[in-house]
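What follows is a set of notes on a single structure, which appears directly below.
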Amino acid sequence: MRQRRLLTALLAAVLVLLGLQAAPSTARPEQAAAAAQVLTWTAGDDITKYTSAPATAVAGPTTIVFENSAATGNTTGMPHTLTFATSDPEFNSDVQLNILATPGDDMGGRHTAEVTLTPGRYFYSCTIPGHGQMQGILVVTEGTGEDSTAPATSAHVTGTQNSQGQYVGSASVMIHATDEGGSGVDRVEYAIGATGAWQPYTTPVVVDHVGDHTVRYRAVDKAGNVSAEKSAAFTVVAPPTDDTTPPETSATVSGERNPDGSYVDMATVTVSASDTGSGVNTIEYAVGTGAWQPYTMPVMVHQAGTHTVRFRATDKAGNVSADKSVQFTVVAAPPQDTTPPVTGVTVEGTRNSDGAYVASAKVTVSATDAGGVAGIEYSLDGGPYLAYSAPVIVDRAGAHTLAYRATDTAGNTSAARTVSFTVVAGGVPAPPCPEYDERLTVIVGTVDSGVPNRLTANRCRINELIEDEKEWTSQALFLKHVKTVLDRLLKAGVVDQREYNLITRAARQSGIGTPGQTEGYRTLFDGSAGSFAKWQHVGGGSFGLNADGSMTSGTTRAGLGMLWFPERKYGDFSLRLQWRDDAPGTGNANSGVFVRFPWVHGHPEETRPEWVAIKYGHEVQVLDRPDGDMYKTGSIYGFDRVGLAGAGVTEKGTWNDYEIRVVDQHYSVYRNGVLINEFDNLGGQDFSPPRSDDPGTDGRRFASGYLGLQVHGTTDVVSYRDIRIKEL
């Protein structure tokens, strides 16, 4: 017997260490005698909050239920966890709970655990990245007894009655509810008729339709007790009138129509009626030769074929309008083209014995589609996708990867495919280009001249000859450099005089070398519509431009997403910006700055572009909330924590200066001029349990990449302005 108990204890300990069940707790004698309680959390498609969660409980033995399944609203298969914090001194730490639930797992997404709760507060959250708002606090009291008595309810009907007790014109139903000695009335509800939906009761219910009526009602107290359903029955009759004119009726049919005038997939019939006498009492409709039915909302007809919908109305004096009808035809929608184009690629050139291409390689991309190809795009060595119009000549020595995809006229885009090859130096030396820039037009700083970024005689592109990445001590020196380059290109016939002037104007407007640029910082966002348009949004949420030169997250859409700067990748840099917590009410902003992530579109291992930054870059956190997520402002999310005490806190609505310096794999974060965090990226995660989808543990974090700003939703609102960067 003793050996069996030892084995049972060892098995329970192993499960706790794996995070698969709650750690056992020893109940005090008075808790063991308390009534058992069941607390239920549910999750669905939303990644910002649990679908339901308890707020209060009583101390003692408790069954925890966590369900994340189709039944609770999860239609995407997204996993969620329910985890109780054990390392925050502000909350109870005696319950070790970490349940992972996924629709379709061995438990069908529904898991239970037995724990013992003690008085105090427990903090719970979802530990899967991107679920930062799925969290809350459970308040546990000593438990001095539960309210198990439902509220008492009553109702009375008022109005003008005739000699038969019928209500003339209208009746008003007043509902009363009390919960003496209990937890108090939480809400009162009512429903009209035997099948009407329950609605919140706030004011007396007025019924002015002629006929027999029943109003059902009930009440719920704060402990969740629901009173038995009751009802009040009465009859409403029309006031005496000499109205003998029936209502006027009409109907309209709406929906998508094909060239023949037929409605595609569905037609919606909207009926209206008016009566200047006693007033409209009821409207009825019938489909084809079917029975008359009450009309309460537009009638939707989906079945293919020719249909007739009849309609009529009755006023409060009992006058019935003549039957009218509308006729229409519904047809099935033609099958949609959902097949993307078929793509292919060939690489040509002189090859050596190792299979490498000597001097250059010519890459030809093709695409076919039965409905027609709208366009082909390619991306060279992880750069942005460019429109493909002619074979791509690659003459830079080294290993290369070219990704390609095509879109048809129906909007279907093929999955990105790649071809890899190596170019070795031949008789032609590598081009002497100061920079590497294959963008389509000449862009100086952030100003687009509109001039094509052509190849020059020395095989460098125009933009590669203009050294706008160099640190210039004055604008005069930079403009002199631009003039020297353009004079040579004008003489060689690479640009004409108009293009010469456009590039010169772009150089002057770039501000490179001006006093505001003396530290070598390039402006990525200055509050103008032009600079805001250079950023691109992916995923949920949104950012909006403000009149004061800032931009704010969570302006129109809920959900997790990112605004990123796709024009250039950065390796070692100093990024400066200002941010402000603008969360509504008493809430706090939750955002972050993403750095060093790869091109987000067409990533071979991720279909959701906003997750490319999460999985393959680093997020420098912006979060001042005093509770909740353990990663505060300055943290490298998932890798290096900084608490509130270390990060510092400013009042909501206050602008904060932020500098993020990245050199090699060393990260330094400054807030308002104070160093609040240093982090060396050695590939290890800070999550417990570790994230299975994080590539950082096997060395695939990037040494260079793009920049982005995170948006969590419409409640975690943060504003940004004055975003600048200097390459180190």
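Going by the structure tokens order, chains are called A, B, ..., each with residues numbered from 1, while ligands are numbered from 1 in the order shown.
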
Tell me, as a ChimeraX atom specification, which residues lie within 9 Å of Glu67 in chain A, counting only C-alpha atoms; anything in the same chain fewer than 6 positions away does not count.
/A:40-44,101-103,108-112

Restricting it to N, CA, C and O atoms, dump the selection as a PDB file, in the first residue's frame.
ATOM      1  N   THR A  40     -15.532  27.885 -14.482  1.00  0.00           N
ATOM      2  CA  THR A  40     -15.370  27.546 -15.892  1.00  0.00           C
ATOM      3  C   THR A  40     -14.833  28.729 -16.688  1.00  0.00           C
ATOM      4  O   THR A  40     -15.357  29.843 -16.594  1.00  0.00           O
ATOM      5  N   TRP A  41     -13.754  28.496 -17.443  1.00  0.00           N
ATOM      6  CA  TRP A  41     -13.234  29.435 -18.439  1.00  0.00           C
ATOM      7  C   TRP A  41     -13.475  28.842 -19.820  1.00  0.00           C
ATOM      8  O   TRP A  41     -13.357  27.626 -20.015  1.00  0.00           O
ATOM      9  N   THR A  42     -13.828  29.686 -20.786  1.00  0.00           N
ATOM     10  CA  THR A  42     -13.973  29.218 -22.168  1.00  0.00           C
ATOM     11  C   THR A  42     -13.219  30.160 -23.100  1.00  0.00           C
ATOM     12  O   THR A  42     -13.010  31.326 -22.795  1.00  0.00           O
ATOM     13  N   ALA A  43     -12.795  29.630 -24.263  1.00  0.00           N
ATOM     14  CA  ALA A  43     -12.087  30.419 -25.269  1.00  0.00           C
ATOM     15  C   ALA A  43     -12.644  30.084 -26.642  1.00  0.00           C
ATOM     16  O   ALA A  43     -13.197  29.004 -26.857  1.00  0.00           O
ATOM     17  N   GLY A  44     -12.488  31.044 -27.573  1.00  0.00           N
ATOM     18  CA  GLY A  44     -12.977  30.848 -28.939  1.00  0.00           C
ATOM     19  C   GLY A  44     -11.964  31.349 -29.953  1.00  0.00           C
ATOM     20  O   GLY A  44     -10.756  31.186 -29.783  1.00  0.00           O
ATOM     21  N   ALA A 101      -5.321  23.797 -24.178  1.00  0.00           N
ATOM     22  CA  ALA A 101      -6.506  23.193 -24.797  1.00  0.00           C
ATOM     23  C   ALA A 101      -6.560  23.570 -26.271  1.00  0.00           C
ATOM     24  O   ALA A 101      -6.397  24.737 -26.620  1.00  0.00           O
ATOM     25  N   THR A 102      -6.798  22.582 -27.107  1.00  0.00           N
ATOM     26  CA  THR A 102      -6.899  22.795 -28.549  1.00  0.00           C
ATOM     27  C   THR A 102      -8.095  22.011 -29.068  1.00  0.00           C
ATOM     28  O   THR A 102      -8.265  20.842 -28.698  1.00  0.00           O
ATOM     29  N   PRO A 103      -8.943  22.626 -29.897  1.00  0.00           N
ATOM     30  CA  PRO A 103     -10.049  21.853 -30.471  1.00  0.00           C
ATOM     31  C   PRO A 103      -9.516  20.611 -31.183  1.00  0.00           C
ATOM     32  O   PRO A 103      -8.562  20.677 -31.936  1.00  0.00           O
ATOM     33  N   GLY A 108     -11.079  16.705 -26.534  1.00  0.00           N
ATOM     34  CA  GLY A 108     -12.070  17.501 -27.255  1.00  0.00           C
ATOM     35  C   GLY A 108     -12.003  18.972 -26.904  1.00  0.00           C
ATOM     36  O   GLY A 108     -12.963  19.710 -27.089  1.00  0.00           O
ATOM     37  N   GLY A 109     -10.852  19.428 -26.397  1.00  0.00           N
ATOM     38  CA  GLY A 109     -10.692  20.833 -26.031  1.00  0.00           C
ATOM     39  C   GLY A 109     -11.223  21.168 -24.658  1.00  0.00           C
ATOM     40  O   GLY A 109     -11.156  22.334 -24.243  1.00  0.00           O
ATOM     41  N   ARG A 110     -11.757  20.181 -23.910  1.00  0.00           N
ATOM     42  CA  ARG A 110     -12.323  20.449 -22.587  1.00  0.00           C
ATOM     43  C   ARG A 110     -11.495  19.716 -21.529  1.00  0.00           C
ATOM     44  O   ARG A 110     -11.399  18.497 -21.524  1.00  0.00           O
ATOM     45  N   HIS A 111     -10.874  20.500 -20.617  1.00  0.00           N
ATOM     46  CA  HIS A 111      -9.986  19.948 -19.610  1.00  0.00           C
ATOM     47  C   HIS A 111     -10.430  20.384 -18.218  1.00  0.00           C
ATOM     48  O   HIS A 111     -11.001  21.471 -18.049  1.00  0.00           O
ATOM     49  N   THR A 112     -10.153  19.551 -17.209  1.00  0.00           N
ATOM     50  CA  THR A 112     -10.497  19.884 -15.827  1.00  0.00           C
ATOM     51  C   THR A 112      -9.291  19.664 -14.937  1.00  0.00           C
ATOM     52  O   THR A 112      -8.378  18.894 -15.260  1.00  0.00           O
TER      53      THR A 112
END

Using only C-alpha atoms, which residues sit within 6 Å of Leu575 in chain A once same-chain residues fewer than 4 positions away are excluded, as a list in words?
Glu659, Ile660, Arg724 and Ile725 of chain A

Prev. selection, N, CA and C atoms, output as a PDB file, in the first residue's frame:
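again.pdb was written with the following content:
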ATOM      1  N   GLU A 659      14.682  55.026 -27.367  1.00  0.00           N
ATOM      2  CA  GLU A 659      15.791  54.725 -28.278  1.00  0.00           C
ATOM      3  C   GLU A 659      16.113  53.246 -28.163  1.00  0.00           C
ATOM      4  N   ILE A 660      16.177  52.577 -29.300  1.00  0.00           N
ATOM      5  CA  ILE A 660      16.529  51.163 -29.367  1.00  0.00           C
ATOM      6  C   ILE A 660      17.810  51.065 -30.182  1.00  0.00           C
ATOM      7  N   ARG A 724      12.805  58.061 -36.284  1.00  0.00           N
ATOM      8  CA  ARG A 724      14.059  58.291 -37.015  1.00  0.00           C
ATOM      9  C   ARG A 724      15.000  57.114 -36.793  1.00  0.00           C
ATOM     10  N   ILE A 725      15.922  56.914 -37.750  1.00  0.00           N
ATOM     11  CA  ILE A 725      16.873  55.806 -37.622  1.00  0.00           C
ATOM     12  C   ILE A 725      18.233  56.222 -38.148  1.00  0.00           C
TER      13      ILE A 725
END

Surrounding residues of Val595 in chain A excluding itself and chain neighbours under 4 positions, 7 Å, only C-alpha atoms, as a ChimeraX atom specification
/A:617-619,705-708

Selection from above, N, CA, C and O atoms, as an mmCIF file, in the first residue's frame, can you write it?
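The result, stored in again_21.cif:
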data_model
loop_
_atom_site.group_PDB
_atom_site.id
_atom_site.type_symbol
_atom_site.label_atom_id
_atom_site.label_comp_id
_atom_site.auth_asym_id
_atom_site.auth_seq_id
_atom_site.Cartn_x
_atom_site.Cartn_y
_atom_site.Cartn_z
ATOM 1 N N GLY A 617 11.436 37.973 -35.681
ATOM 2 C CA GLY A 617 12.109 39.187 -35.247
ATOM 3 C C GLY A 617 12.097 39.274 -33.737
ATOM 4 O O GLY A 617 11.910 38.281 -33.034
ATOM 5 N N HIS A 618 12.316 40.471 -33.214
ATOM 6 C CA HIS A 618 12.216 40.715 -31.776
ATOM 7 C C HIS A 618 11.269 41.892 -31.548
ATOM 8 O O HIS A 618 11.284 42.873 -32.301
ATOM 9 N N GLU A 619 10.433 41.794 -30.496
ATOM 10 C CA GLU A 619 9.524 42.884 -30.124
ATOM 11 C C GLU A 619 10.049 43.561 -28.864
ATOM 12 O O GLU A 619 10.207 42.922 -27.821
ATOM 13 N N GLY A 705 16.989 43.227 -40.866
ATOM 14 C CA GLY A 705 15.587 43.040 -41.232
ATOM 15 C C GLY A 705 14.824 44.346 -41.211
ATOM 16 O O GLY A 705 15.415 45.437 -41.193
ATOM 17 N N TYR A 706 13.504 44.229 -41.201
ATOM 18 C CA TYR A 706 12.629 45.383 -41.303
ATOM 19 C C TYR A 706 12.144 45.830 -39.920
ATOM 20 O O TYR A 706 12.363 45.160 -38.905
ATOM 21 N N LEU A 707 11.459 46.999 -39.882
ATOM 22 C CA LEU A 707 10.945 47.589 -38.646
ATOM 23 C C LEU A 707 9.425 47.635 -38.695
ATOM 24 O O LEU A 707 8.842 47.797 -39.775
ATOM 25 N N GLY A 708 8.767 47.530 -37.533
ATOM 26 C CA GLY A 708 7.303 47.597 -37.486
ATOM 27 C C GLY A 708 6.803 48.021 -36.127
ATOM 28 O O GLY A 708 7.527 47.989 -35.123
#

Could you list, with a cut-off of 10 Å and counting only C-alpha atoms, the residues of range 552-604 of chain A near range 641-654 of chain A, each shown with its nearest atom pair and the distance in Å rounded to one decimal, rows sorted by chain and ascending number, as JSON lines?
{"residue": "A:Gln578", "atom": "CA", "partner": "A:Thr654", "partner_atom": "CA", "distance": 9.9}
{"residue": "A:Trp579", "atom": "CA", "partner": "A:Thr654", "partner_atom": "CA", "distance": 8.3}
{"residue": "A:Arg580", "atom": "CA", "partner": "A:Thr654", "partner_atom": "CA", "distance": 5.6}
{"residue": "A:Asp581", "atom": "CA", "partner": "A:Lys652", "partner_atom": "CA", "distance": 5.2}
{"residue": "A:Asp582", "atom": "CA", "partner": "A:Gly653", "partner_atom": "CA", "distance": 5.8}
{"residue": "A:Ala583", "atom": "CA", "partner": "A:Lys652", "partner_atom": "CA", "distance": 8.0}
{"residue": "A:Pro584", "atom": "CA", "partner": "A:Lys652", "partner_atom": "CA", "distance": 9.8}
{"residue": "A:Thr586", "atom": "CA", "partner": "A:Lys652", "partner_atom": "CA", "distance": 9.3}
{"residue": "A:Gly587", "atom": "CA", "partner": "A:Lys652", "partner_atom": "CA", "distance": 9.5}
{"residue": "A:Asn588", "atom": "CA", "partner": "A:Lys652", "partner_atom": "CA", "distance": 7.8}
{"residue": "A:Ala589", "atom": "CA", "partner": "A:Lys652", "partner_atom": "CA", "distance": 8.9}

Go ahead and write the selection's residues with N, CA, C and O atoms as a compact mmCIF listing (two decimals), in the first residue's frame.
# COMPACT_ATOMS: atom_id res chain seq x y z
N GLN A 578 8.99 58.58 -30.40
CA GLN A 578 8.24 58.96 -29.20
C GLN A 578 6.92 58.19 -29.20
O GLN A 578 6.31 58.00 -30.26
N TRP A 579 6.48 57.75 -27.99
CA TRP A 579 5.19 57.05 -27.87
C TRP A 579 4.43 57.60 -26.68
O TRP A 579 5.00 58.14 -25.74
N ARG A 580 3.11 57.44 -26.74
CA ARG A 580 2.23 57.96 -25.69
C ARG A 580 1.09 56.97 -25.45
O ARG A 580 0.50 56.45 -26.39
N ASP A 581 0.81 56.70 -24.16
CA ASP A 581 -0.28 55.80 -23.76
C ASP A 581 -1.60 56.55 -23.88
O ASP A 581 -1.87 57.46 -23.11
N ASP A 582 -2.42 56.18 -24.88
CA ASP A 582 -3.71 56.82 -25.10
C ASP A 582 -4.87 55.85 -24.93
O ASP A 582 -5.94 56.03 -25.51
N ALA A 583 -4.69 54.80 -24.12
CA ALA A 583 -5.75 53.82 -23.91
C ALA A 583 -6.95 54.49 -23.25
O ALA A 583 -6.80 55.34 -22.36
N PRO A 584 -8.18 54.14 -23.66
CA PRO A 584 -9.37 54.78 -23.08
C PRO A 584 -9.60 54.38 -21.63
O PRO A 584 -9.19 53.30 -21.19
N THR A 586 -9.53 53.69 -17.79
CA THR A 586 -8.45 53.37 -16.85
C THR A 586 -7.51 52.31 -17.39
O THR A 586 -6.60 51.88 -16.69
N GLY A 587 -7.71 51.88 -18.63
CA GLY A 587 -6.85 50.86 -19.21
C GLY A 587 -5.48 51.41 -19.57
O GLY A 587 -5.19 52.60 -19.40
N ASN A 588 -4.61 50.54 -20.05
CA ASN A 588 -3.26 50.94 -20.46
C ASN A 588 -2.95 50.41 -21.85
O ASN A 588 -3.47 49.39 -22.28
N ALA A 589 -2.09 51.16 -22.54
CA ALA A 589 -1.69 50.77 -23.89
C ALA A 589 -0.84 49.51 -23.84
O ALA A 589 -0.13 49.25 -22.88

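Of the residues listed (A:Val185, A:Val237, A:Ala322, A:Met174), A:Met174 shows the shortest atom-to-atom separation from Val215 in chain A; distances use only C-alpha atoms.
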
So the first atom is CA of Asp46 in chain A and the second is CA of Val139 in chain A; what is the distance between them in Å, to one decimal place?
23.9 Å

Need the shell around Gly318 in chain A: protein/DNA/RNA residues with any atom at most 9 Å away, counting only C-alpha atoms. Skip same-chain ones fewer than 5 positions apart. Format as a VMD selection string?
chain A and resid 210 238 244 246 281

Please return, as a PyMOL selection string, all residues of range 385-630 of chain A that DSSP assigns to alpha helix (DSSP H) on the basis of the backbone.
chain A and resi 462-465+475-492+497-510+529-533+609-616

What's around Ala403 in chain A at 6 Å? Count only C-alpha atoms, leave out sequence neighbours fewer than 2 positions away in its own chain, and write the answer as a PyMOL selection string.
chain A and resi 378-379+417-418

DSSP on the backbone: which residues in range 443-493 of chain A end up as strand (DSSP E or B)? Give the answer as a PyMOL selection string.
chain A and resi 443-444+447-452+455+461

Got time to write the residues from that selection, N, CA and C atoms, as an mmCIF file, in the first residue's frame?
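Printed below is result-v1.cif as written:
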data_model
loop_
_atom_site.group_PDB
_atom_site.id
_atom_site.type_symbol
_atom_site.label_atom_id
_atom_site.label_comp_id
_atom_site.auth_asym_id
_atom_site.auth_seq_id
_atom_site.Cartn_x
_atom_site.Cartn_y
_atom_site.Cartn_z
ATOM 1 N N ILE A 443 15.192 56.970 -55.145
ATOM 2 C CA ILE A 443 14.645 57.504 -53.901
ATOM 3 C C ILE A 443 15.808 58.041 -53.081
ATOM 4 N N VAL A 444 15.790 59.343 -52.798
ATOM 5 C CA VAL A 444 16.863 59.984 -52.033
ATOM 6 C C VAL A 444 16.363 60.188 -50.617
ATOM 7 N N VAL A 447 12.531 60.553 -50.140
ATOM 8 C CA VAL A 447 11.837 61.314 -51.187
ATOM 9 C C VAL A 447 11.985 60.585 -52.518
ATOM 10 N N ASP A 448 10.873 60.232 -53.125
ATOM 11 C CA ASP A 448 10.854 59.507 -54.396
ATOM 12 C C ASP A 448 10.878 60.511 -55.542
ATOM 13 N N SER A 449 11.921 60.453 -56.362
ATOM 14 C CA SER A 449 12.032 61.381 -57.494
ATOM 15 C C SER A 449 11.142 60.969 -58.657
ATOM 16 N N GLY A 450 10.757 59.674 -58.711
ATOM 17 C CA GLY A 450 9.971 59.178 -59.831
ATOM 18 C C GLY A 450 10.807 58.772 -61.035
ATOM 19 N N VAL A 451 12.113 59.015 -60.993
ATOM 20 C CA VAL A 451 12.994 58.675 -62.117
ATOM 21 C C VAL A 451 13.331 57.186 -62.043
ATOM 22 N N PRO A 452 13.254 56.429 -63.148
ATOM 23 C CA PRO A 452 13.593 55.000 -63.105
ATOM 24 C C PRO A 452 15.019 54.777 -62.599
ATOM 25 N N LEU A 455 20.269 50.983 -64.748
ATOM 26 C CA LEU A 455 21.659 50.556 -64.696
ATOM 27 C C LEU A 455 22.520 51.546 -65.470
ATOM 28 N N ARG A 461 23.320 50.800 -60.343
ATOM 29 C CA ARG A 461 22.099 51.564 -60.570
ATOM 30 C C ARG A 461 22.290 52.991 -60.067
#

So how many Å separate CA of Gly382 in chain A and CA of Glu348 in chain A, to one decimal?
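Computing it gives 21.0 Å between the two atoms.
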
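Straight-line separation from CA of His666 in chain A to CA of Phe597 in chain A: 15.7 Å.
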
List the neighbours of His603 in chain A out to 12 Å using only C-alpha atoms; skip same-chain residues closer than 3 positions along the sequence, and give me the result as a PyMOL selection string.
chain A and resi 379+382-385+403-405+415-418+597-600+606-613+615-616

Determine, counting only C-alpha atoms, which protein, DNA and RNA residues have an atom within 7 Å of an atom of Ser704 in chain A; residues of the same chain fewer than 2 positions away are not included. Present the result as a PyMOL selection string.
chain A and resi 569-571+596+702
